[in-house]
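J.: The file below is entry-v7.txt, compact mmCIF, C-alpha atoms:
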# COMPACT_ATOMS: atom_id res chain seq x y z
CA MET A 1 65.96 -15.20 58.81
CA ILE A 2 63.10 -13.93 56.74
CA ASP A 3 62.89 -11.65 53.68
CA VAL A 4 60.63 -8.68 54.33
CA LEU A 5 59.40 -6.69 51.31
CA TYR A 6 57.65 -3.31 51.23
CA PHE A 7 55.66 -1.82 48.39
CA ALA A 8 54.15 1.54 47.41
CA TRP A 9 53.89 4.04 50.28
CA VAL A 10 54.96 1.43 52.83
CA ARG A 11 58.23 1.17 50.92
CA GLU A 12 58.52 4.96 50.81
CA ARG A 13 57.90 5.44 54.53
CA ILE A 14 60.33 2.72 55.57
CA GLY A 15 62.82 3.88 52.96
CA LEU A 16 63.76 0.52 51.44
CA PRO A 17 62.14 -2.13 49.26
CA LYS A 18 63.47 -5.20 50.99
CA GLU A 19 65.50 -6.36 53.99
CA ARG A 20 66.49 -9.57 55.72
CA VAL A 21 65.17 -9.74 59.26
CA GLU A 22 66.38 -11.95 62.09
CA THR A 23 63.25 -12.79 64.02
CA GLU A 24 61.63 -15.36 66.30
CA ALA A 25 58.17 -13.76 65.80
CA ALA A 26 55.38 -16.34 65.89
CA THR A 27 52.89 -14.37 63.81
CA VAL A 28 52.79 -11.49 61.36
CA ALA A 29 51.44 -9.24 64.11
CA ASP A 30 54.42 -10.15 66.32
CA LEU A 31 56.81 -9.28 63.49
CA VAL A 32 55.09 -5.94 62.99
CA GLU A 33 55.49 -5.25 66.72
CA GLU A 34 59.23 -5.96 66.51
CA LEU A 35 59.64 -3.70 63.47
CA VAL A 36 57.64 -0.85 65.05
CA ALA A 37 59.87 -1.02 68.12
CA ARG A 38 62.98 -0.44 65.97
CA GLU A 39 62.55 3.07 64.56
CA ALA A 40 60.06 5.86 63.97
CA ARG A 41 59.88 5.17 60.21
CA TYR A 42 58.55 1.67 60.90
CA ALA A 43 56.08 3.06 63.42
CA ALA A 44 54.93 5.51 60.74
CA ALA A 45 54.49 2.78 58.14
CA PHE A 46 52.59 0.47 60.47
CA ALA A 47 50.60 3.16 62.33
CA ASP A 48 47.29 1.89 60.94
CA ILE A 49 47.36 -1.86 60.33
CA SER A 50 43.82 -1.78 58.90
CA ALA A 51 45.21 0.24 55.96
CA LEU A 52 47.72 -2.50 55.16
CA ARG A 53 47.76 -5.91 53.51
CA VAL A 54 50.23 -8.72 54.02
CA ALA A 55 51.38 -11.60 51.82
CA LEU A 56 53.25 -14.69 53.06
CA ASP A 57 55.36 -16.39 50.41
CA GLN A 58 53.40 -14.42 47.79
CA GLU A 59 49.92 -15.38 49.03
CA LEU A 60 47.59 -12.90 50.73
CA ALA A 61 47.29 -13.64 54.47
CA GLU A 62 45.94 -12.22 57.71
CA PHE A 63 47.95 -10.42 60.38
CA ASP A 64 47.35 -13.21 62.87
CA ALA A 65 48.81 -15.84 60.51
CA PRO A 66 51.77 -17.89 61.85
CA LEU A 67 55.25 -17.26 60.40
CA ALA A 68 56.60 -20.79 60.88
CA GLY A 69 58.23 -21.95 57.64
CA VAL A 70 57.61 -18.63 55.87
CA ARG A 71 60.54 -17.30 53.84
CA GLU A 72 59.07 -14.07 52.42
CA VAL A 73 56.72 -11.54 54.03
CA ALA A 74 55.45 -8.53 52.10
CA PHE A 75 53.62 -5.47 53.42
CA PHE A 76 51.73 -3.11 51.16
CA PRO A 77 48.63 -0.91 50.91
CA PRO A 78 45.37 -2.20 49.35
CA MET A 79 46.01 -3.01 45.72
CA THR A 80 44.95 -0.70 42.92
CA GLY A 81 45.47 -2.64 39.72
CA GLY A 82 43.27 -2.93 36.67
CA MET B 1 -1.85 0.99 -1.24
CA ILE B 2 0.63 -0.32 1.21
CA ASP B 3 4.03 -2.06 0.82
CA VAL B 4 4.08 -5.40 2.58
CA LEU B 5 7.48 -7.01 3.27
CA TYR B 6 8.27 -10.54 4.39
CA PHE B 7 11.50 -11.82 5.92
CA ALA B 8 13.13 -15.17 6.76
CA TRP B 9 10.72 -18.14 6.76
CA VAL B 10 7.72 -15.87 6.33
CA ARG B 11 9.25 -14.75 3.03
CA GLU B 12 9.96 -18.36 2.09
CA ARG B 13 6.44 -19.58 2.84
CA ILE B 14 4.76 -16.74 0.99
CA GLY B 15 7.28 -16.99 -1.81
CA LEU B 16 8.13 -13.35 -2.26
CA PRO B 17 10.00 -10.64 -0.33
CA LYS B 18 7.67 -7.72 -1.02
CA GLU B 19 4.37 -6.81 -2.62
CA ARG B 20 2.04 -3.84 -2.94
CA VAL B 21 -1.35 -4.51 -1.39
CA GLU B 22 -4.60 -2.67 -2.03
CA THR B 23 -6.36 -2.70 1.33
CA GLU B 24 -8.83 -0.87 3.52
CA ALA B 25 -7.79 -2.87 6.61
CA ALA B 26 -8.06 -0.83 9.79
CA THR B 27 -5.45 -2.77 11.77
CA VAL B 28 -2.55 -5.16 11.21
CA ALA B 29 -4.78 -8.05 12.32
CA ASP B 30 -7.37 -7.06 9.69
CA LEU B 31 -4.66 -7.02 7.01
CA VAL B 32 -3.48 -10.47 8.08
CA GLU B 33 -7.06 -11.73 7.81
CA GLU B 34 -7.32 -10.39 4.25
CA LEU B 35 -4.00 -12.00 3.26
CA VAL B 36 -4.89 -15.36 4.83
CA ALA B 37 -8.16 -15.38 2.85
CA ARG B 38 -6.21 -15.08 -0.43
CA GLU B 39 -4.22 -18.29 -0.72
CA ALA B 40 -2.94 -21.29 1.22
CA ARG B 41 0.65 -20.00 1.29
CA TYR B 42 -0.49 -16.93 3.25
CA ALA B 43 -2.53 -19.13 5.58
CA ALA B 44 0.62 -21.23 6.12
CA ALA B 45 2.77 -18.19 6.87
CA PHE B 46 0.27 -16.64 9.28
CA ALA B 47 -0.92 -19.91 10.89
CA ASP B 48 0.53 -18.95 14.27
CA ILE B 49 0.52 -15.20 14.82
CA SER B 50 2.24 -15.58 18.19
CA ALA B 51 5.33 -16.81 16.30
CA LEU B 52 5.46 -13.60 14.25
CA ARG B 53 6.51 -10.01 14.71
CA VAL B 54 5.33 -6.97 12.77
CA ALA B 55 6.90 -3.61 12.02
CA LEU B 56 5.02 -0.53 10.79
CA ASP B 57 7.15 1.93 8.86
CA GLN B 58 10.21 0.15 10.27
CA GLU B 59 9.16 0.33 13.93
CA LEU B 60 8.09 -2.75 15.91
CA ALA B 61 4.35 -2.73 16.55
CA GLU B 62 1.51 -4.90 17.85
CA PHE B 63 -1.00 -6.79 15.72
CA ASP B 64 -3.85 -4.60 16.95
CA ALA B 65 -2.08 -1.42 15.83
CA PRO B 66 -4.00 0.80 13.37
CA LEU B 67 -2.79 1.02 9.75
CA ALA B 68 -3.96 4.57 9.07
CA GLY B 69 -1.11 6.52 7.43
CA VAL B 70 1.23 3.52 7.37
CA ARG B 71 3.17 3.03 4.12
CA GLU B 72 5.22 -0.08 4.92
CA VAL B 73 4.26 -3.19 6.89
CA ALA B 74 6.76 -5.99 7.50
CA PHE B 75 6.13 -9.48 8.84
CA PHE B 76 8.90 -11.69 10.18
CA PRO B 77 9.79 -14.28 12.84
CA PRO B 78 11.41 -13.27 16.16
CA MET B 79 14.79 -11.73 15.45
CA THR B 80 18.02 -13.65 15.92
CA GLY B 81 20.81 -11.12 15.55
CA GLY B 82 23.95 -10.66 17.57
CA MET C 1 44.78 -19.27 29.61
CA ALA C 2 47.64 -16.79 29.47
CA VAL C 3 49.07 -14.14 31.81
CA ARG C 4 51.60 -11.48 30.86
CA VAL C 5 53.02 -8.85 33.18
CA GLN C 6 55.22 -6.44 31.28
CA ALA C 7 56.55 -2.89 31.02
CA ALA C 8 56.17 -2.79 27.23
CA PRO C 9 53.06 -1.51 25.43
CA PHE C 10 50.74 -4.02 23.78
CA ASP C 11 48.16 -3.88 21.01
CA PRO C 12 44.71 -5.08 22.12
CA GLY C 13 43.61 -5.76 18.54
CA THR C 14 46.55 -8.03 17.82
CA GLU C 15 46.07 -9.84 21.14
CA LEU C 16 42.32 -10.19 20.61
CA ALA C 17 42.81 -11.60 17.12
CA ARG C 18 45.04 -14.43 18.29
CA PHE C 19 44.33 -15.28 21.92
CA ALA C 20 41.65 -17.87 21.07
CA GLY C 21 43.59 -19.30 18.13
CA ASP C 22 41.59 -20.64 15.21
CA ARG C 23 39.01 -22.61 17.17
CA THR C 24 35.50 -22.62 15.72
CA ASP C 25 33.69 -23.51 18.96
CA VAL C 26 33.94 -19.91 20.12
CA GLY C 27 30.79 -17.84 19.61
CA ALA C 28 31.62 -14.91 21.88
CA GLN C 29 34.71 -12.90 22.73
CA VAL C 30 34.77 -10.11 25.27
CA SER C 31 37.66 -7.75 25.84
CA PHE C 32 38.28 -5.09 28.45
CA THR C 33 41.02 -2.50 28.05
CA GLY C 34 42.01 -0.17 30.88
CA LEU C 35 43.55 3.16 29.90
CA VAL C 36 45.28 5.98 31.76
CA ARG C 37 42.47 8.50 32.20
CA ASP C 38 43.33 12.15 32.57
CA ASP C 39 40.74 13.84 34.76
CA GLY C 40 42.80 17.03 34.49
CA GLY C 41 46.45 17.77 35.17
CA LEU C 42 47.84 14.25 35.08
CA ARG C 43 51.42 14.16 33.79
CA HIS C 44 51.86 10.44 33.98
CA MET C 45 51.04 7.37 36.02
CA GLU C 46 53.50 4.98 37.61
CA ILE C 47 52.58 1.40 38.36
CA GLU C 48 54.53 -0.62 40.89
CA HIS C 49 54.05 -4.35 41.21
CA TYR C 50 55.31 -7.37 43.15
CA PRO C 51 57.27 -9.54 40.68
CA GLY C 52 56.54 -13.19 41.23
CA MET C 53 53.40 -12.72 43.29
CA THR C 54 51.74 -10.74 40.51
CA GLU C 55 51.88 -13.60 38.01
CA LYS C 56 50.78 -16.14 40.63
CA ALA C 57 47.87 -14.00 41.82
CA ILE C 58 46.59 -13.39 38.29
CA ALA C 59 46.96 -17.07 37.36
CA ALA C 60 44.91 -18.00 40.45
CA ILE C 61 42.18 -15.51 39.51
CA GLU C 62 42.14 -16.85 35.96
CA ALA C 63 41.95 -20.46 37.20
CA GLU C 64 38.94 -19.50 39.33
CA ALA C 65 37.24 -17.93 36.29
CA VAL C 66 37.84 -21.11 34.29
CA ARG C 67 36.34 -23.15 37.13
CA ARG C 68 33.20 -20.98 37.25
CA TRP C 69 32.48 -20.43 33.56
CA ASP C 70 32.72 -22.41 30.37
CA LEU C 71 35.67 -20.58 28.81
CA LYS C 72 37.51 -21.66 25.68
CA ALA C 73 40.34 -19.16 26.21
CA SER C 74 41.33 -16.23 28.38
CA LEU C 75 44.10 -13.67 28.49
CA VAL C 76 45.31 -11.11 31.00
CA ILE C 77 48.00 -8.54 30.18
CA HIS C 78 49.01 -5.93 32.77
CA ARG C 79 51.74 -3.33 32.42
CA TYR C 80 53.91 -1.71 35.07
CA GLY C 81 56.22 1.30 35.01
CA ARG C 82 55.53 4.78 33.67
CA LEU C 83 52.47 5.38 31.49
CA ALA C 84 51.25 8.58 29.83
CA PRO C 85 47.58 9.68 29.67
CA GLY C 86 45.73 7.68 27.02
CA GLU C 87 48.15 4.73 27.22
CA ARG C 88 46.78 1.25 27.73
CA ILE C 89 47.39 -0.13 31.22
CA MET C 90 45.98 -3.63 30.89
CA MET C 91 43.57 -5.85 29.09
CA VAL C 92 41.47 -8.91 29.75
CA ALA C 93 39.98 -11.11 27.04
CA THR C 94 37.65 -14.08 27.30
CA ALA C 95 36.31 -16.51 24.70
CA ALA C 96 33.31 -18.78 25.22
CA GLY C 97 30.59 -20.59 23.35
CA HIS C 98 28.01 -18.06 24.48
CA ARG C 99 28.03 -14.41 25.48
CA ALA C 100 26.87 -14.79 29.09
CA ASP C 101 29.98 -16.79 30.05
CA ALA C 102 32.33 -14.46 28.18
CA PHE C 103 30.87 -11.31 29.79
CA ALA C 104 30.64 -12.71 33.33
CA ALA C 105 34.19 -14.09 33.28
CA ALA C 106 35.62 -10.81 31.96
CA GLU C 107 33.87 -8.80 34.67
CA PHE C 108 34.95 -11.26 37.34
CA LEU C 109 38.58 -11.08 36.16
CA MET C 110 38.44 -7.28 36.23
CA ASP C 111 36.90 -7.08 39.69
CA TYR C 112 39.53 -9.42 41.14
CA LEU C 113 42.45 -7.82 39.30
CA LYS C 114 41.44 -4.43 40.74
CA SER C 115 41.68 -5.53 44.35
CA ARG C 116 43.62 -8.81 44.51
CA ALA C 117 46.54 -8.51 42.09
CA PRO C 118 49.55 -6.72 43.64
CA PHE C 119 49.72 -3.50 41.62
CA TRP C 120 49.84 0.01 43.01
CA LYS C 121 49.20 3.15 40.98
CA ARG C 122 50.80 6.52 41.60
CA GLU C 123 49.65 9.66 39.81
CA VAL C 124 52.09 12.44 39.04
CA THR C 125 50.65 15.91 38.49
CA ALA C 126 52.12 19.42 38.53
CA ASP C 127 51.39 19.44 42.29
CA GLY C 128 53.43 16.30 42.97
CA ALA C 129 52.83 12.59 43.20
CA ALA C 130 50.14 10.68 45.08
CA TRP C 131 49.34 6.99 45.49
CA VAL C 132 45.89 6.14 44.20
CA ALA C 133 43.67 5.07 47.10
CA ALA C 134 41.74 1.81 46.83
CA LYS C 135 38.03 2.42 46.39
CA ASP C 136 35.42 0.88 48.65
CA ALA C 137 33.34 0.28 45.52
CA ASP C 138 36.08 -1.95 44.09
CA GLU C 139 36.24 -4.03 47.27
CA ASP C 140 32.43 -4.19 47.38
CA ALA C 141 32.32 -5.38 43.76
CA LEU C 142 33.86 -8.69 44.86
CA SER C 143 30.82 -9.59 46.94
CA ARG C 144 28.69 -10.14 43.84
CA TRP C 145 30.65 -13.21 42.78
CA MET D 1 28.12 6.66 18.46
CA ALA D 2 28.37 4.74 15.21
CA VAL D 3 26.37 2.00 13.51
CA ARG D 4 27.50 -0.02 10.50
CA VAL D 5 25.52 -2.76 8.78
CA GLN D 6 27.58 -4.41 6.08
CA ALA D 7 28.28 -7.60 4.15
CA ALA D 8 32.05 -7.09 4.27
CA PRO D 9 34.31 -8.52 6.99
CA PHE D 10 35.74 -6.16 9.59
CA ASP D 11 38.74 -6.23 11.93
CA PRO D 12 37.78 -5.82 15.60
CA GLY D 13 41.28 -4.70 16.56
CA THR D 14 41.34 -1.89 14.02
CA GLU D 15 37.83 -0.81 15.01
CA LEU D 16 38.65 -0.96 18.72
CA ALA D 17 41.80 1.10 18.27
CA ARG D 18 39.99 4.01 16.63
CA PHE D 19 36.36 4.07 17.73
CA ALA D 20 37.02 6.29 20.75
CA GLY D 21 39.48 8.55 18.91
CA ASP D 22 42.31 10.05 20.92
CA ARG D 23 40.33 11.17 23.92
CA THR D 24 42.09 10.87 27.27
CA ASP D 25 38.92 10.90 29.42
CA VAL D 26 38.34 7.21 28.62
CA GLY D 27 39.48 4.80 31.32
CA ALA D 28 37.64 1.69 30.13
CA GLN D 29 36.84 0.09 26.81
CA VAL D 30 34.77 -3.07 26.43
CA SER D 31 34.33 -4.99 23.22
CA PHE D 32 32.14 -7.93 22.31
CA THR D 33 32.70 -9.95 19.14
CA GLY D 34 30.20 -12.54 17.95
CA LEU D 35 31.55 -15.36 15.78
CA VAL D 36 30.02 -18.14 13.71
CA ARG D 37 30.24 -21.11 16.08
CA ASP D 38 30.40 -24.59 14.63
CA ASP D 39 28.77 -27.03 17.04
CA GLY D 40 29.35 -29.77 14.45
CA GLY D 41 28.49 -30.01 10.76
CA LEU D 42 27.88 -26.34 10.01
CA ARG D 43 28.81 -25.46 6.41
CA HIS D 44 27.97 -21.81 6.64
CA MET D 45 25.55 -19.31 8.10
CA GLU D 46 23.36 -16.87 6.19
CA ILE D 47 22.14 -13.69 7.77
CA GLU D 48 19.14 -11.85 6.35
CA HIS D 49 18.26 -8.35 7.49
CA TYR D 50 15.76 -5.56 6.89
CA PRO D 51 17.66 -2.73 5.20
CA GLY D 52 16.60 0.61 6.57
CA MET D 53 14.92 -0.71 9.70
CA THR D 54 18.13 -2.41 10.83
CA GLU D 55 20.11 0.83 11.00
CA LYS D 56 17.23 2.67 12.70
CA ALA D 57 16.67 -0.09 15.27
CA ILE D 58 20.36 -0.26 16.20
CA ALA D 59 20.63 3.53 16.41
CA ALA D 60 17.65 3.57 18.78
CA ILE D 61 19.21 0.88 20.99
CA GLU D 62 22.49 2.80 21.03
CA ALA D 63 20.71 6.05 21.92
CA GLU D 64 19.05 4.28 24.84
CA ALA D 65 22.45 3.01 26.05
CA VAL D 66 23.85 6.56 25.89
CA ARG D 67 20.86 7.78 27.90
CA ARG D 68 21.38 5.16 30.61
CA TRP D 69 25.18 5.14 30.99
CA ASP D 70 27.97 7.67 30.90
CA LEU D 71 29.53 6.65 27.58
CA LYS D 72 32.27 8.53 25.76
CA ALA D 73 31.89 6.45 22.59
CA SER D 74 30.13 3.39 21.24
CA LEU D 75 30.17 1.33 18.08
CA VAL D 76 28.00 -1.42 16.61
CA ILE D 77 28.98 -3.35 13.47
CA HIS D 78 26.77 -6.16 12.19
CA ARG D 79 27.26 -8.19 9.03
CA TYR D 80 24.73 -9.88 6.79
CA GLY D 81 25.07 -12.43 3.98
CA ARG D 82 27.01 -15.68 3.98
CA LEU D 83 29.53 -16.37 6.77
CA ALA D 84 31.80 -19.38 7.30
CA PRO D 85 32.48 -21.01 10.71
CA GLY D 86 34.92 -18.89 12.70
CA GLU D 87 34.02 -15.69 10.84
CA ARG D 88 33.07 -12.62 12.81
CA ILE D 89 29.38 -11.78 12.67
CA MET D 90 29.25 -8.57 14.63
CA MET D 91 30.88 -6.45 17.28
CA VAL D 92 29.95 -3.94 19.92
CA ALA D 93 32.40 -1.57 21.60
CA THR D 94 31.88 0.91 24.42
CA ALA D 95 34.17 3.50 26.00
CA ALA D 96 33.56 5.14 29.36
CA GLY D 97 35.36 6.79 32.24
CA HIS D 98 34.90 3.71 34.40
CA ARG D 99 34.49 -0.01 33.81
CA ALA D 100 31.00 -0.45 35.26
CA ASP D 101 29.45 1.84 32.60
CA ALA D 102 31.43 0.26 29.76
CA PHE D 103 30.50 -3.31 30.76
CA ALA D 104 26.82 -2.61 31.45
CA ALA D 105 26.31 -0.69 28.22
CA ALA D 106 28.01 -3.40 26.14
CA GLU D 107 25.83 -6.13 27.69
CA PHE D 108 22.71 -4.01 27.22
CA LEU D 109 23.55 -3.41 23.55
CA MET D 110 24.12 -7.15 23.01
CA ASP D 111 20.89 -8.17 24.73
CA TYR D 112 18.85 -5.74 22.64
CA LEU D 113 20.63 -6.50 19.38
CA LYS D 114 19.88 -10.21 19.87
CA SER D 115 16.11 -9.73 20.06
CA ARG D 116 15.27 -6.28 18.73
CA ALA D 117 17.40 -5.68 15.66
CA PRO D 118 15.91 -7.20 12.47
CA PHE D 119 18.40 -9.95 11.63
CA TRP D 120 17.59 -13.60 10.98
CA LYS D 121 20.16 -16.38 10.95
CA ARG D 122 19.94 -19.52 8.83
CA GLU D 123 22.32 -22.43 9.31
CA VAL D 124 23.31 -24.59 6.38
CA THR D 125 24.55 -28.13 7.16
CA ALA D 126 24.93 -31.31 5.10
CA ASP D 127 21.32 -32.09 6.06
CA GLY D 128 19.95 -28.86 4.63
CA ALA D 129 19.17 -25.37 5.88
CA ALA D 130 17.26 -24.27 8.98
CA TRP D 131 16.33 -20.90 10.42
CA VAL D 132 17.77 -20.38 13.89
CA ALA D 133 14.96 -20.20 16.44
CA ALA D 134 14.88 -17.30 18.87
CA LYS D 135 15.75 -18.39 22.39
CA ASP D 136 13.51 -17.69 25.36
CA ALA D 137 16.68 -16.91 27.32
CA ASP D 138 17.48 -14.06 24.92
CA GLU D 139 14.01 -12.57 25.32
CA ASP D 140 14.21 -13.03 29.10
CA ALA D 141 17.59 -11.26 29.18
CA LEU D 142 15.83 -7.99 28.31
CA SER D 143 13.92 -7.99 31.59
CA ARG D 144 17.06 -7.24 33.59
CA TRP D 145 17.42 -3.75 32.13
Show me the file's structure as structure tokens.

T.:
Amino acid sequence: MIDVLYFAWVRERIGLPKERVETEAATVADLVEELVAREARYAAAFADISALRVALDQELAEFDAPLAGVREVAFFPPMTGG
Amino acid sequence: MIDVLYFAWVRERIGLPKERVETEAATVADLVEELVAREARYAAAFADISALRVALDQELAEFDAPLAGVREVAFFPPMTGG
Amino acid sequence: MAVRVQAAPFDPGTELARFAGDRTDVGAQVSFTGLVRDDGGLRHMEIEHYPGMTEKAIAAIEAEAVRRWDLKASLVIHRYGRLAPGERIMMVATAAGHRADAFAAAEFLMDYLKSRAPFWKREVTADGAAWVAAKDADEDALSRW
Amino acid sequence: MAVRVQAAPFDPGTELARFAGDRTDVGAQVSFTGLVRDDGGLRHMEIEHYPGMTEKAIAAIEAEAVRRWDLKASLVIHRYGRLAPGERIMMVATAAGHRADAFAAAEFLMDYLKSRAPFWKREVTADGAAWVAAKDADEDALSRW
């Protein structure tokens, strides 16, 4: 089980800020593939991976990063702070 | 007649902040030469011209600048504001 | 070295006056304040953030600034929630012996906060709401450090 | 665009809060504050200036900054007279639409004030008084603009 968080327009497209996901995905990219296969709203959110960022346990990571031991995955658009 | 002002250690070496000088000097360098010829304290203040700056009517200038029409000449060390 | 992420307004002057304490080895303080700019028609801005990660990300950026420059103190405050035009969004302050360190660290903190701290801005106008897109220039700014 | 040369203390926070007025086209404010730094043994600092030329020189530097960057407001305050360790010597503030203009203009103003505004610092310690020598690094800093 893994906590998956969504922010900004990713959250809006998927329609929820957070969910618990039962997954055996080895990498972030594998998890994205599983989510996209679920429903159109996930496919819409993940349509262009290059427009997204991912954090594993609150640290920025790459989409090919392994999920072993990770408790929290977050997907969001490029940050616009400051 | 021209007002001549001195600041910082130039003022200290010459021993006064300001004086009126009767001069026919054509350039700043000529004026310096006249002052140096007066007394040892002027010679001490102007010993190393490269360590000094000059302003004509409150604008930075060079030592070869002409004095025609100038009412106020100021001599001082490199500035240390900020 | 302090980080505050908050919904409440803050006063940059008050923060600036106290963030370096009473130390007398500080010769230079630099502050940056980011405000909600109205380029026409903005009703308000909304800032979303990632609680937990935000504080950690900013602390990591600040630690990197302290590693690179000789800082005596630093401060980052960033707000989230709804902000009206003219309101202060965030501030950065740095204190150092000399101005070069204070300026460089403040600019570094700003460049990294823009693109590496998990905040997202949404602008609400009469026409609706839109997420602010990240600028290539902000990403490019990181390459100078 | 304001210049103040004064013996009296000033409060950077108060100045920062009002120098850009209530305009909502400002997205970025940068401030620099210079303080009397005590590297050990300093009793006080004395700052001499050239009344009349000082104001003109700073106004010219500020006008050049306005010519080079898109500034909405700027402010320079510089004190003269006797200052104790920890006291504020001077400040610069800039306001712009975007941070790059505000930062660059503030650094430009500082670099020029250091070497082109007629102020001279004298440090008084237990051993006596000495005029602060101009640094080559400060003169060199001008070449980047």

J.: Please provide chain B as a short mmCIF file (atom, residue, chain, number, x, y, z; two decimals) with C-alpha atoms, in the frame of the given file, once it has been superposed on chain A by least squares across all sequentially paired Cα atoms.

T.:
data_model
loop_
_atom_site.label_atom_id
_atom_site.label_comp_id
_atom_site.auth_asym_id
_atom_site.auth_seq_id
_atom_site.Cartn_x
_atom_site.Cartn_y
_atom_site.Cartn_z
CA MET B 1 65.95 -15.19 58.80
CA ILE B 2 63.11 -13.94 56.75
CA ASP B 3 62.90 -11.63 53.69
CA VAL B 4 60.63 -8.68 54.33
CA LEU B 5 59.39 -6.68 51.32
CA TYR B 6 57.65 -3.32 51.23
CA PHE B 7 55.65 -1.81 48.38
CA ALA B 8 54.15 1.56 47.42
CA TRP B 9 53.89 4.05 50.31
CA VAL B 10 54.95 1.43 52.83
CA ARG B 11 58.23 1.17 50.93
CA GLU B 12 58.51 4.95 50.81
CA ARG B 13 57.90 5.43 54.52
CA ILE B 14 60.32 2.72 55.56
CA GLY B 15 62.81 3.86 52.96
CA LEU B 16 63.76 0.54 51.45
CA PRO B 17 62.12 -2.12 49.26
CA LYS B 18 63.48 -5.22 50.99
CA GLU B 19 65.49 -6.36 53.98
CA ARG B 20 66.49 -9.57 55.72
CA VAL B 21 65.17 -9.74 59.27
CA GLU B 22 66.39 -11.95 62.10
CA THR B 23 63.24 -12.79 64.04
CA GLU B 24 61.60 -15.35 66.28
CA ALA B 25 58.15 -13.77 65.80
CA ALA B 26 55.38 -16.34 65.90
CA THR B 27 52.88 -14.38 63.80
CA VAL B 28 52.79 -11.49 61.34
CA ALA B 29 51.44 -9.23 64.11
CA ASP B 30 54.42 -10.16 66.32
CA LEU B 31 56.81 -9.30 63.48
CA VAL B 32 55.10 -5.94 62.99
CA GLU B 33 55.49 -5.25 66.72
CA GLU B 34 59.23 -5.98 66.52
CA LEU B 35 59.64 -3.70 63.48
CA VAL B 36 57.64 -0.86 65.04
CA ALA B 37 59.88 -1.03 68.13
CA ARG B 38 62.98 -0.43 65.96
CA GLU B 39 62.57 3.06 64.55
CA ALA B 40 60.07 5.85 63.94
CA ARG B 41 59.88 5.17 60.19
CA TYR B 42 58.55 1.66 60.89
CA ALA B 43 56.09 3.06 63.43
CA ALA B 44 54.94 5.52 60.74
CA ALA B 45 54.49 2.79 58.14
CA PHE B 46 52.60 0.46 60.47
CA ALA B 47 50.60 3.16 62.31
CA ASP B 48 47.30 1.88 60.93
CA ILE B 49 47.36 -1.86 60.31
CA SER B 50 43.83 -1.79 58.90
CA ALA B 51 45.21 0.23 55.96
CA LEU B 52 47.73 -2.51 55.14
CA ARG B 53 47.75 -5.90 53.51
CA VAL B 54 50.25 -8.71 54.01
CA ALA B 55 51.39 -11.59 51.83
CA LEU B 56 53.26 -14.68 53.06
CA ASP B 57 55.36 -16.39 50.42
CA GLN B 58 53.41 -14.40 47.81
CA GLU B 59 49.93 -15.38 49.04
CA LEU B 60 47.59 -12.91 50.75
CA ALA B 61 47.30 -13.65 54.46
CA GLU B 62 45.94 -12.22 57.72
CA PHE B 63 47.96 -10.43 60.38
CA ASP B 64 47.35 -13.23 62.87
CA ALA B 65 48.80 -15.84 60.51
CA PRO B 66 51.75 -17.88 61.85
CA LEU B 67 55.23 -17.27 60.40
CA ALA B 68 56.58 -20.80 60.88
CA GLY B 69 58.24 -21.94 57.64
CA VAL B 70 57.61 -18.64 55.86
CA ARG B 71 60.55 -17.28 53.84
CA GLU B 72 59.08 -14.07 52.42
CA VAL B 73 56.74 -11.54 54.04
CA ALA B 74 55.46 -8.52 52.11
CA PHE B 75 53.64 -5.47 53.42
CA PHE B 76 51.72 -3.10 51.17
CA PRO B 77 48.61 -0.90 50.92
CA PRO B 78 45.36 -2.19 49.36
CA MET B 79 46.00 -3.01 45.72
CA THR B 80 44.94 -0.70 42.91
CA GLY B 81 45.46 -2.64 39.71
CA GLY B 82 43.26 -2.93 36.66
#

J.: Show me, as a list in words, the residues of chain C whose atoms get within 6 Å of chain D, using only C-alpha atoms for the distance check.

T.: Gly13, Thr24, Asp25, Val26, Gly27, Ala28, Gln29, Val30, Ser31, Phe32, Thr33, Gly34, Leu35, Val36, Arg37, Asp38 and Gly86 of chain C

J.: Those residues you just picked out, can you put them in a file as a short mmCIF file (atom, residue, chain, number, x, y, z; two decimals), keeping the file's coordinate frame with C-alpha atoms?

T.:
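Final output, saved to selection-v2.cif:
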data_model
loop_
_atom_site.label_atom_id
_atom_site.label_comp_id
_atom_site.auth_asym_id
_atom_site.auth_seq_id
_atom_site.Cartn_x
_atom_site.Cartn_y
_atom_site.Cartn_z
CA GLY C 13 43.61 -5.76 18.54
CA THR C 24 35.50 -22.62 15.72
CA ASP C 25 33.69 -23.51 18.96
CA VAL C 26 33.94 -19.91 20.12
CA GLY C 27 30.79 -17.84 19.61
CA ALA C 28 31.62 -14.91 21.88
CA GLN C 29 34.71 -12.90 22.73
CA VAL C 30 34.77 -10.11 25.27
CA SER C 31 37.66 -7.75 25.84
CA PHE C 32 38.28 -5.09 28.45
CA THR C 33 41.02 -2.50 28.05
CA GLY C 34 42.01 -0.17 30.88
CA LEU C 35 43.55 3.16 29.90
CA VAL C 36 45.28 5.98 31.76
CA ARG C 37 42.47 8.50 32.20
CA ASP C 38 43.33 12.15 32.57
CA GLY C 86 45.73 7.68 27.02
#

J.: Using only C-alpha atoms, find which residues of chain C lie within 10 Å of chain A and jot them down as a count of residues only.

T.: 45

J.: What does the distance between CA of Pro17 (chain A) and CA of Ile61 (chain C) come to in Å, to one decimal place?

T.: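 These atoms are spaced 25.9 Å apart.
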
J.: Show which residues sit within 12 Å of Asp127 (chain D), as a PDB file with C-alpha atoms, in the frame of the given file. Count all atoms listed in the file, and ignore same-chain residues fewer than 6 positions away.

T.:
ATOM      1  CA  GLY D  40      29.350 -29.770  14.450  1.00  0.00           C
ATOM      2  CA  GLY D  41      28.490 -30.010  10.760  1.00  0.00           C
ATOM      3  CA  LEU D  42      27.880 -26.340  10.010  1.00  0.00           C
ATOM      4  CA  ARG D  43      28.810 -25.460   6.410  1.00  0.00           C
TER       5      ARG D  43
END
